[in-house]
>>> print(open('entry_28.cif').read())   # mmCIF, C-alpha atoms
data_structure
loop_
_atom_site.group_PDB
_atom_site.id
_atom_site.type_symbol
_atom_site.label_atom_id
_atom_site.label_comp_id
_atom_site.auth_asym_id
_atom_site.auth_seq_id
_atom_site.Cartn_x
_atom_site.Cartn_y
_atom_site.Cartn_z
ATOM 1 C CA ALA A 21 -15.663 -17.549 -21.013
ATOM 2 C CA PHE A 22 -13.624 -16.235 -18.107
ATOM 3 C CA THR A 23 -10.705 -15.760 -20.509
ATOM 4 C CA ASN A 24 -12.691 -12.835 -21.951
ATOM 5 C CA LEU A 25 -12.117 -10.897 -18.722
ATOM 6 C CA SER A 26 -10.773 -7.472 -19.578
ATOM 7 C CA ALA A 27 -8.210 -6.806 -16.839
ATOM 8 C CA THR A 28 -8.141 -3.403 -15.175
ATOM 9 C CA CYS A 29 -5.648 -3.795 -12.321
ATOM 10 C CA GLY A 30 -4.520 -6.627 -10.109
ATOM 11 C CA ALA A 31 -6.871 -9.568 -10.566
ATOM 12 C CA GLY A 32 -9.782 -7.218 -11.198
ATOM 13 C CA GLY A 33 -11.524 -6.485 -14.444
ATOM 14 C CA THR A 34 -14.801 -6.693 -16.302
ATOM 15 C CA ILE A 35 -16.492 -9.303 -18.413
ATOM 16 C CA THR A 36 -19.594 -8.781 -20.505
ATOM 17 C CA VAL A 37 -21.828 -11.757 -21.245
ATOM 18 C CA THR A 38 -24.720 -11.947 -23.680
ATOM 19 C CA TYR A 39 -27.473 -14.398 -22.806
ATOM 20 C CA THR A 40 -29.858 -15.614 -25.516
ATOM 21 C CA VAL A 41 -33.154 -17.172 -24.495
ATOM 22 C CA SER A 42 -35.210 -19.113 -27.042
ATOM 23 C CA ASP A 43 -38.748 -20.398 -26.733
ATOM 24 C CA ASP A 44 -40.260 -23.482 -28.390
ATOM 25 C CA CYS A 45 -41.058 -21.463 -31.525
ATOM 26 C CA ASP A 46 -37.449 -20.323 -31.934
ATOM 27 C CA ASN A 47 -38.234 -16.761 -30.873
ATOM 28 C CA GLU A 48 -35.204 -15.258 -29.194
ATOM 29 C CA SER A 49 -34.500 -12.490 -26.764
ATOM 30 C CA THR A 50 -31.094 -11.387 -25.618
ATOM 31 C CA LEU A 51 -29.875 -9.796 -22.451
ATOM 32 C CA THR A 52 -26.402 -8.481 -21.788
ATOM 33 C CA ALA A 53 -24.870 -8.312 -18.325
ATOM 34 C CA THR A 54 -21.500 -7.067 -17.134
ATOM 35 C CA LEU A 55 -19.633 -8.416 -14.137
ATOM 36 C CA THR A 56 -17.018 -6.169 -12.557
ATOM 37 C CA LEU A 57 -14.405 -7.617 -10.202
ATOM 38 C CA GLU A 58 -13.017 -4.623 -8.332
ATOM 39 C CA ASP A 59 -10.138 -4.230 -5.914
ATOM 40 C CA SER A 60 -11.041 -1.395 -3.563
ATOM 41 C CA THR A 61 -9.088 -2.499 -0.482
ATOM 42 C CA GLY A 62 -5.661 -1.155 0.423
ATOM 43 C CA PRO A 63 -2.680 -3.424 1.013
ATOM 44 C CA ASP A 64 -2.636 -5.529 4.181
ATOM 45 C CA LEU A 65 0.315 -4.299 6.252
ATOM 46 C CA SER A 66 -0.238 -6.561 9.268
ATOM 47 C CA ALA A 67 2.907 -8.583 8.479
ATOM 48 C CA CYS A 68 5.072 -5.461 8.295
ATOM 49 C CA THR A 69 7.540 -4.843 11.084
ATOM 50 C CA VAL A 70 8.009 -1.110 10.695
ATOM 51 C CA VAL A 71 7.853 -0.045 14.329
ATOM 52 C CA ASP A 72 8.848 2.742 16.656
ATOM 53 C CA GLU A 73 12.575 2.754 17.239
ATOM 54 C CA THR A 74 14.896 4.349 19.762
ATOM 55 C CA ILE A 75 18.491 5.043 18.735
ATOM 56 C CA GLU A 76 21.289 6.608 20.745
ATOM 57 C CA CYS A 77 21.978 10.170 19.649
ATOM 58 C CA ASN A 78 25.584 10.901 18.782
ATOM 59 C CA GLY A 79 25.005 14.558 17.979
ATOM 60 C CA SER A 80 27.040 14.708 14.794
ATOM 61 C CA ASP A 81 25.081 12.648 12.285
ATOM 62 C CA ASN A 82 21.534 12.452 13.650
ATOM 63 C CA GLU A 83 20.122 13.440 10.285
ATOM 64 C CA SER A 84 21.999 10.600 8.546
ATOM 65 C CA ILE A 85 20.712 8.167 11.179
ATOM 66 C CA ALA A 86 17.126 9.360 10.667
ATOM 67 C CA ASP A 87 17.474 9.310 6.865
ATOM 68 C CA ALA A 88 18.687 5.691 6.968
ATOM 69 C CA TRP A 89 15.836 4.695 9.353
ATOM 70 C CA ASN A 90 13.276 6.205 6.956
ATOM 71 C CA ALA A 91 14.884 4.560 3.893
ATOM 72 C CA ASP A 92 14.939 1.178 5.662
ATOM 73 C CA ASN A 93 11.242 1.525 6.534
ATOM 74 C CA ILE A 94 10.347 2.373 2.934
ATOM 75 C CA ALA A 95 12.328 -0.615 1.628
ATOM 76 C CA ALA A 96 10.601 -2.935 4.112
ATOM 77 C CA LEU A 97 7.131 -1.626 3.228
ATOM 78 C CA GLU A 98 7.724 -2.172 -0.490
ATOM 79 C CA THR A 99 7.951 -5.927 0.123
ATOM 80 C CA CYS A 100 6.063 -6.843 3.304
ATOM 81 C CA GLY A 101 2.465 -6.029 2.358
ATOM 82 C CA THR A 102 -0.012 -8.379 0.748
ATOM 83 C CA ASP A 103 -2.994 -7.831 -1.536
ATOM 84 C CA ALA A 104 -5.739 -10.449 -1.667
ATOM 85 C CA CYS A 105 -6.806 -9.304 -5.135
ATOM 86 C CA ASP A 106 -3.327 -9.113 -6.656
ATOM 87 C CA THR A 107 -0.864 -11.897 -5.933
ATOM 88 C CA ASP A 108 2.002 -10.127 -7.736
ATOM 89 C CA ALA A 109 1.287 -6.595 -6.540
ATOM 90 C CA THR A 110 3.930 -3.921 -6.680
ATOM 91 C CA PHE A 111 3.660 -1.510 -3.762
ATOM 92 C CA THR A 112 4.574 2.164 -3.944
ATOM 93 C CA VAL A 113 5.559 3.759 -0.641
ATOM 94 C CA VAL A 114 5.740 7.447 0.200
ATOM 95 C CA SER A 115 6.384 9.056 3.554
ATOM 96 C CA ASP A 116 5.963 12.517 5.007
ATOM 97 C CA TYR A 117 9.471 12.259 6.482
ATOM 98 C CA ALA A 118 11.467 15.455 6.849
ATOM 99 C CA PHE A 119 14.303 15.713 9.361
ATOM 100 C CA THR A 120 13.233 19.297 10.027
ATOM 101 C CA ASN A 121 10.124 17.810 11.704
ATOM 102 C CA LEU A 122 12.326 16.479 14.533
ATOM 103 C CA SER A 123 10.796 17.606 17.811
ATOM 104 C CA ALA A 124 13.788 18.355 20.065
ATOM 105 C CA THR A 125 13.651 17.031 23.606
ATOM 106 C CA CYS A 126 17.103 17.719 25.074
ATOM 107 C CA GLY A 127 20.250 18.821 23.291
ATOM 108 C CA ALA A 128 20.440 17.152 19.875
ATOM 109 C CA SER A 129 18.009 14.403 20.830
ATOM 110 C CA GLY A 130 14.335 14.312 19.875
ATOM 111 C CA THR A 131 11.524 12.426 18.177
ATOM 112 C CA ILE A 132 10.050 12.373 14.722
ATOM 113 C CA THR A 133 6.802 10.668 13.732
ATOM 114 C CA VAL A 134 6.433 9.605 10.107
ATOM 115 C CA THR A 135 3.349 8.441 8.230
ATOM 116 C CA TYR A 136 3.970 5.943 5.445
ATOM 117 C CA THR A 137 1.379 5.558 2.686
ATOM 118 C CA VAL A 138 1.501 2.267 0.776
ATOM 119 C CA SER A 139 -0.354 2.056 -2.558
ATOM 120 C CA ASP A 140 -1.121 -1.080 -4.551
ATOM 121 C CA ASP A 141 -1.423 -1.484 -8.325
ATOM 122 C CA CYS A 142 -5.044 -0.239 -8.173
ATOM 123 C CA ASN A 143 -4.042 2.896 -6.229
ATOM 124 C CA ASN A 144 -5.692 1.672 -3.018
ATOM 125 C CA GLU A 145 -3.851 2.987 0.017
ATOM 126 C CA SER A 146 -3.035 1.872 3.543
ATOM 127 C CA THR A 147 -1.070 3.865 6.082
ATOM 128 C CA LEU A 148 1.278 3.038 8.908
ATOM 129 C CA THR A 149 2.880 5.418 11.389
ATOM 130 C CA ALA A 150 6.271 4.989 13.086
ATOM 131 C CA THR A 151 8.219 7.159 15.501
ATOM 132 C CA LEU A 152 11.983 7.468 15.703
ATOM 133 C CA THR A 153 13.450 8.613 19.011
ATOM 134 C CA LEU A 154 17.024 9.842 19.141
ATOM 135 C CA GLU A 155 17.892 9.777 22.829
ATOM 136 C CA ASP A 156 20.796 10.861 24.926
ATOM 137 C CA SER A 157 21.124 8.194 27.597
#
>>> encode(input="entry_28.cif", output="structure tokens")
Amino acid sequence: AFTNLSATCGAGGTITVTYTVSDDCDNESTLTATLTLEDSTGPDLSACTVVDETIECNGSDNESIADAWNADNIAALETCGTDACDTDATFTVVSDYAFTNLSATCGASGTITVTYTVSDDCNNESTLTATLTLEDS
């Protein structure tokens, strides 16, 4: 009975079934088999709109601008992914963002590239990279 599925994560799990085979003389043999439904694929991020962005540098609060850009990307990635094996997945997002990684180009302007790692309920991961450019135009 599929209701005997022992869930592991997402829609995955295991179910053990015992088969009994009888011959015409009522001799029986049994065989046990286990089916494992496993989610080993990271979240699908193709619908996510986290993209490279260029923002005008104002010189005084570039770090606040970059912090907000990173926070907005994390918030978007927590809700935009899908998981074929888990229709109610909760995604965990981490980034390697640090404003000190800003690569200066001219004055207070520069670029920073951030890698976002999105994990599903089964700890499968997908990554997406975005670059923020603070420019002085």
>>> residues_around(input="entry_28.cif", residues="A:Thr151", least_positions_apart="5", cutoff="8 Å", atoms="all atoms listed in the file", output="list in words")
Val71, Asp72, Glu73, Thr131, Ile132, Thr133 and Val134 of chain A
>>> write_last_selection(input="entry_28.cif", atoms="C-alpha atoms", output="mmCIF file, in the frame of the given file")
data_model
loop_
_atom_site.group_PDB
_atom_site.id
_atom_site.type_symbol
_atom_site.label_atom_id
_atom_site.label_comp_id
_atom_site.auth_asym_id
_atom_site.auth_seq_id
_atom_site.Cartn_x
_atom_site.Cartn_y
_atom_site.Cartn_z
ATOM 1 C CA VAL A 71 7.853 -0.045 14.329
ATOM 2 C CA ASP A 72 8.848 2.742 16.656
ATOM 3 C CA GLU A 73 12.575 2.754 17.239
ATOM 4 C CA THR A 131 11.524 12.426 18.177
ATOM 5 C CA ILE A 132 10.050 12.373 14.722
ATOM 6 C CA THR A 133 6.802 10.668 13.732
ATOM 7 C CA VAL A 134 6.433 9.605 10.107
#
>>> resolve_selection(input="entry_28.cif", expression="the PyMOL selection byres ((chain A and resi 24) around 9)", output="list in words")
Ala21, Phe22, Thr23, Leu25, Ser26, Thr34, Ile35 and Thr36 of chain A
>>> write_last_selection(input="entry_28.cif", atoms="C-alpha atoms", output="tab-separated table (two decimals), in the frame of the given file")
chain	number	residue	atom	x	y	z
A	21	ALA	CA	-15.66	-17.55	-21.01
A	22	PHE	CA	-13.62	-16.24	-18.11
A	23	THR	CA	-10.70	-15.76	-20.51
A	25	LEU	CA	-12.12	-10.90	-18.72
A	26	SER	CA	-10.77	-7.47	-19.58
A	34	THR	CA	-14.80	-6.69	-16.30
A	35	ILE	CA	-16.49	-9.30	-18.41
A	36	THR	CA	-19.59	-8.78	-20.50
>>> atom_distance(input="entry_28.cif", atom1="atom CA of A:Thr125", atom2="atom CA of A:Leu154")
9.1 Å
>>> closest_residue(input="entry_28.cif", among="A:Ala118, A:Ala128, A:Ala104, A:Val113", to="A:Asn143", atoms="only C-alpha atoms")
A:Val113
>>> closest_residue(input="entry_28.cif", among="A:Glu155, A:Glu58, A:Glu98, A:Asp140", to="A:Thr74", atoms="only C-alpha atoms")
A:Glu155
>>> resolve_selection(input="entry_28.cif", expression="the PyMOL selection byres ((chain A and resi 28-31) around 6)", output="short mmCIF file (atom, residue, chain, number, x, y, z; two decimals) with C-alpha atoms, keeping the file's coordinate frame")
data_model
loop_
_atom_site.label_atom_id
_atom_site.label_comp_id
_atom_site.auth_asym_id
_atom_site.auth_seq_id
_atom_site.Cartn_x
_atom_site.Cartn_y
_atom_site.Cartn_z
CA ALA A 27 -8.21 -6.81 -16.84
CA GLY A 32 -9.78 -7.22 -11.20
CA GLY A 33 -11.52 -6.48 -14.44
CA CYS A 105 -6.81 -9.30 -5.14
CA ASP A 106 -3.33 -9.11 -6.66
CA CYS A 142 -5.04 -0.24 -8.17
#
>>> atom_distance(input="entry_28.cif", atom1="atom CA of A:Leu55", atom2="atom CA of A:Val37")
8.2 Å
